[in-house]
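These notes are about the structure you will find just below.
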There are 2 protein chains.
Amino acid sequence: MGSIDSTSLQARLLCRQNLLTNTSGVAPGYLQANLLILPAKHATDFHNLCLRNPVACPLLGMTSVLGDPHRIKPAGCIQSPDFDVRTDFPKYRVYKSGEHCESRLDISELWTKDHVAFLIGCSFSFEDALTEAGLTPRHQQTGSIVAMYRSNIPLLPAGVFTGGRCIVSMRPYRPDQIEQVREVTRPYLSTHGEPVAWGWEGAKELGILDIEKPDFGEPQQFKEGEVPVFWACGVSPQIAVEAAGDRLDGLVFAHEPGHMLVTDWTARDLEKLRSGGI
Amino acid sequence: MGSIDSTSLQARLLCRQNLLTNTSGVAPGYLQANLLILPAKHATDFHNLCLRNPVACPLLGMTSVLGDPHRIKPAGCIQSPDFDVRTDFPKYRVYKSGEHCESRLDISELWTKDHVAFLIGCSFSFEDALTEAGLTPRHQQTGSIVAMYRSNIPLLPAGVFTGGRCIVSMRPYRPDQIEQVREVTRPYLSTHGEPVAWGWEGAKELGILDIEKPDFGEPQQFKEGEVPVFWACGVSPQIAVEAAGDRLDGLVFAHEPGHMLVTDWTARDLEKLRSGGI
């Protein structure tokens, strides 16, 4: 799985040395991953949350041995033995009782033998595919951060994780482009796949009342006649942690948004990553 | 996988001969399955709908060869070679352009070499587990049909399947029983798993305004202090077909609600059926 060259490993080593901050545009073609790390006590509930909400929380991989930050399953996601989930993201968030209390460049001192790490798909790869199809996302053209909104789509509950809602990212397109946009992103099931809603009516159904006021990221410019197209977003797991609040014991870690892990998987591996075994 | 005795095969043969109508309570311990059959053209979209909405549409199996009604993958779901998906459900519904236009005892004459069949998990098995835990569902005590409601939880779109909403089934419990009810049904990921909402506040959030007026099935009796508990329901795929309407070419078939397929899998096989390969 994945090309065995050193591009992705080099990117991770630069992140480890804190020579890279934002991974947007780094190691083109390689999948990047969102992160969530929890105490073992909550790991099964979070695993179930991913399995029950695979569009918002598509599971790419997880640590294979409790407390071991060096090994990820399934094989192929990280091919080099020189890996450390505590240092190889550029920046981390620390959560206590569901609240983001600090950000750090590495979490080696806070990681315990009781922690489990989950890697969650991100939309990076389908943005490449959109660009190749002549449908470059607006925020890439304008150099801004994609607009993200809290939607009313529930994250279906799993154990301690109740009350969360799906975060959606938004890219403007013309109505006549929407079917092609849906087709291009459809195969990327492990990185949110096709849109969850589109058009002004779709925005209303998601409970998004003011498109000019995203909850995260930056407002996007609309050209005449364009409408919003919404995808599920990998920030959703952090919202699930916030919603769980003080029902969570121990420290929880996540990546700092935009500061992702570069994996060894490429877009070509995504077909093998379709969730479900049938 | 599954016990190799003849109980489940005998049940299927009785259904084939139309000697059984409603499969509720038939072959206890064996998983029963909902059905959806579509022309090949729409099969990938429906498969994606299941993968993106595994709580409402948990995929148990599908025909392994296009147009062959005798073989189901993965192995174990149906162990006997004497199987025919066109006859071994007690009763079928025929849909044309998303509309239920007739019901039939078998669909041998309507099946074509271009059809693909999908088996979807049903809540039968977790009801056994609830009963074993002393939490017998009310509709089993009263001999009524479980109450089902249209909810506002969207079925996340997949290709031609847009605009569908999740159907939920409802069982009344006391607030102090809810955590145990959640725990008992949590492992049954392939048959809808733990509840999606509970309590009167939960009903309101699902958009269910009058609990006395279910959209399918029968109203349930509440004892003093009890509140509604909602699970995703295997009728949802039929709602997805209705929502797709005349975007669907060719005949689509489903089971008649309550008239399920008895599979060779037992509750013990469910752990192996957890969706996701990680």
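Chains: A, B, ... in order of the structure tokens. Residues: from 1 per chain. Ligands: from 1, in order shown.
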Would you write out, as JSON lines, a table of all residues in chain A that have an atom no more than 8 Å from an atom of chain B, listing for each the closest atom pair and the distance in Å to one decimal, considering only C-alpha atoms and ordering rows by chain and rising residue number?
{"residue": "A:Leu51", "atom": "CA", "partner": "B:Gly276", "partner_atom": "CA", "distance": 6.5}
{"residue": "A:Arg52", "atom": "CA", "partner": "B:Val55", "partner_atom": "CA", "distance": 5.9}
{"residue": "A:Asn53", "atom": "CA", "partner": "B:Asn53", "partner_atom": "CA", "distance": 7.5}
{"residue": "A:Pro54", "atom": "CA", "partner": "B:Arg52", "partner_atom": "CA", "distance": 6.2}
{"residue": "A:Val55", "atom": "CA", "partner": "B:Arg52", "partner_atom": "CA", "distance": 5.9}
{"residue": "A:Leu59", "atom": "CA", "partner": "B:Ile278", "partner_atom": "CA", "distance": 8.0}
{"residue": "A:Gly61", "atom": "CA", "partner": "B:Ile278", "partner_atom": "CA", "distance": 6.8}
{"residue": "A:Met62", "atom": "CA", "partner": "B:Ile278", "partner_atom": "CA", "distance": 7.8}
{"residue": "A:Lys73", "atom": "CA", "partner": "B:Ile278", "partner_atom": "CA", "distance": 7.2}
{"residue": "A:Pro74", "atom": "CA", "partner": "B:Ile278", "partner_atom": "CA", "distance": 6.5}
{"residue": "A:Ile153", "atom": "CA", "partner": "B:Ile153", "partner_atom": "CA", "distance": 6.8}
{"residue": "A:Pro154", "atom": "CA", "partner": "B:Ile153", "partner_atom": "CA", "distance": 7.2}
{"residue": "A:Leu156", "atom": "CA", "partner": "B:Val196", "partner_atom": "CA", "distance": 5.7}
{"residue": "A:Pro157", "atom": "CA", "partner": "B:Val196", "partner_atom": "CA", "distance": 6.0}
{"residue": "A:Ala158", "atom": "CA", "partner": "B:Glu194", "partner_atom": "CA", "distance": 7.2}
{"residue": "A:Gly159", "atom": "CA", "partner": "B:Arg182", "partner_atom": "CA", "distance": 7.7}
{"residue": "A:Arg182", "atom": "CA", "partner": "B:Gly159", "partner_atom": "CA", "distance": 7.7}
{"residue": "A:Glu183", "atom": "CA", "partner": "B:Gly159", "partner_atom": "CA", "distance": 7.9}
{"residue": "A:Arg186", "atom": "CA", "partner": "B:Ala158", "partner_atom": "CA", "distance": 7.8}
{"residue": "A:Leu189", "atom": "CA", "partner": "B:Arg52", "partner_atom": "CA", "distance": 7.9}
{"residue": "A:Glu194", "atom": "CA", "partner": "B:Ala158", "partner_atom": "CA", "distance": 7.2}
{"residue": "A:Pro195", "atom": "CA", "partner": "B:Pro157", "partner_atom": "CA", "distance": 7.5}
{"residue": "A:Val196", "atom": "CA", "partner": "B:Leu156", "partner_atom": "CA", "distance": 5.6}
{"residue": "A:Ala197", "atom": "CA", "partner": "B:Pro157", "partner_atom": "CA", "distance": 7.8}
{"residue": "A:Ser275", "atom": "CA", "partner": "B:Gly276", "partner_atom": "CA", "distance": 4.8}
{"residue": "A:Gly276", "atom": "CA", "partner": "B:Gly276", "partner_atom": "CA", "distance": 4.7}
{"residue": "A:Gly277", "atom": "CA", "partner": "B:Gly277", "partner_atom": "CA", "distance": 6.4}
{"residue": "A:Ile278", "atom": "CA", "partner": "B:Pro74", "partner_atom": "CA", "distance": 6.5}
Find the residues around Ala133 (chain A) up to 9 Å (only C-alpha atoms counted), leave out those fewer than 6 positions away in its own chain, and share them as a short mmCIF file (atom, residue, chain, number, x, y, z; two decimals) with C-alpha atoms, in the first residue's frame.
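Final output, saved to out32.cif:
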data_model
loop_
_atom_site.label_atom_id
_atom_site.label_comp_id
_atom_site.auth_asym_id
_atom_site.auth_seq_id
_atom_site.Cartn_x
_atom_site.Cartn_y
_atom_site.Cartn_z
CA GLN A 180 -19.84 16.41 -11.08
CA VAL A 181 -18.63 17.56 -7.65
CA VAL A 184 -15.61 13.25 -8.04
#
### Query
So which bits of region 91-200 of chain A end up strand (DSSP E or B) when you DSSP the backbone, as a PyMOL selection string?
chain A and resi 92-96+99-104+115-121+147-154+158+161+165-173+197-198
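The two atoms in question, CA of Ile120 (chain B) and CA of Cys166 (chain B), are spaced 14.2 Å apart.
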#### Entry: All residues 9 Å or closer to region 248-259 of chain A, only C-alpha atoms, same chain fewer than 2 positions away omitted, as a ChimeraX atom specification
/A:20-24,34-39,41-42,89-98,100,103-104,107,110-111,115,117,145,160,235,237-238,241,244-246,261
### Query
With only C-alpha atoms as the basis for distance, which of A:Asp82, A:Leu119, A:Pro214, A:Val168 is at the shortest distance from Ser6 (chain A)?
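That would be A:Asp82, the residue with the smallest distance to Ser6 (chain A).
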7 Å contact set for region 134-142 of chain B, only C-alpha atoms, chain neighbours under 3 positions out, as a short mmCIF file (atom, residue, chain, number, x, y, z; two decimals) with C-alpha atoms, in the first residue's frame:
data_model
loop_
_atom_site.label_atom_id
_atom_site.label_comp_id
_atom_site.auth_asym_id
_atom_site.auth_seq_id
_atom_site.Cartn_x
_atom_site.Cartn_y
_atom_site.Cartn_z
CA GLU B 127 -34.81 -7.76 21.45
CA LEU B 130 -33.23 -7.16 26.15
CA THR B 131 -35.62 -9.90 27.23
CA ILE B 145 -46.34 -4.31 16.43
CA VAL B 146 -43.48 -2.04 17.50
CA ARG B 171 -39.77 1.03 23.07
CA PRO B 172 -40.84 2.60 26.41
CA GLN B 220 -47.27 1.55 22.57
#
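Of the listed residues (B:Ser236, B:Ser80, B:Ser190, B:Gln17), B:Ser236 comes nearest to Ser151 (chain B); the distances count only C-alpha atoms.
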### Task
Tell me which protein, DNA and RNA residues are within 9 Å of Gly225 (chain B), counting only C-alpha atoms, leaving out same-chain ones fewer than 4 positions away, and put them as a list in words.
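The filter keeps Tyr173, Arg174 and Pro175 of chain B.
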#### Entry: Secondary structure check, helix (DSSP H, G or I) residues of region 10-137 of chain B, as JSON, numbers by chain
{"B": [10, 11, 12, 13, 14, 15, 16, 40, 41, 42, 43, 44, 45, 46, 47, 48, 49, 50, 51, 52, 124, 125, 126, 127, 128, 129, 130, 131, 132]}
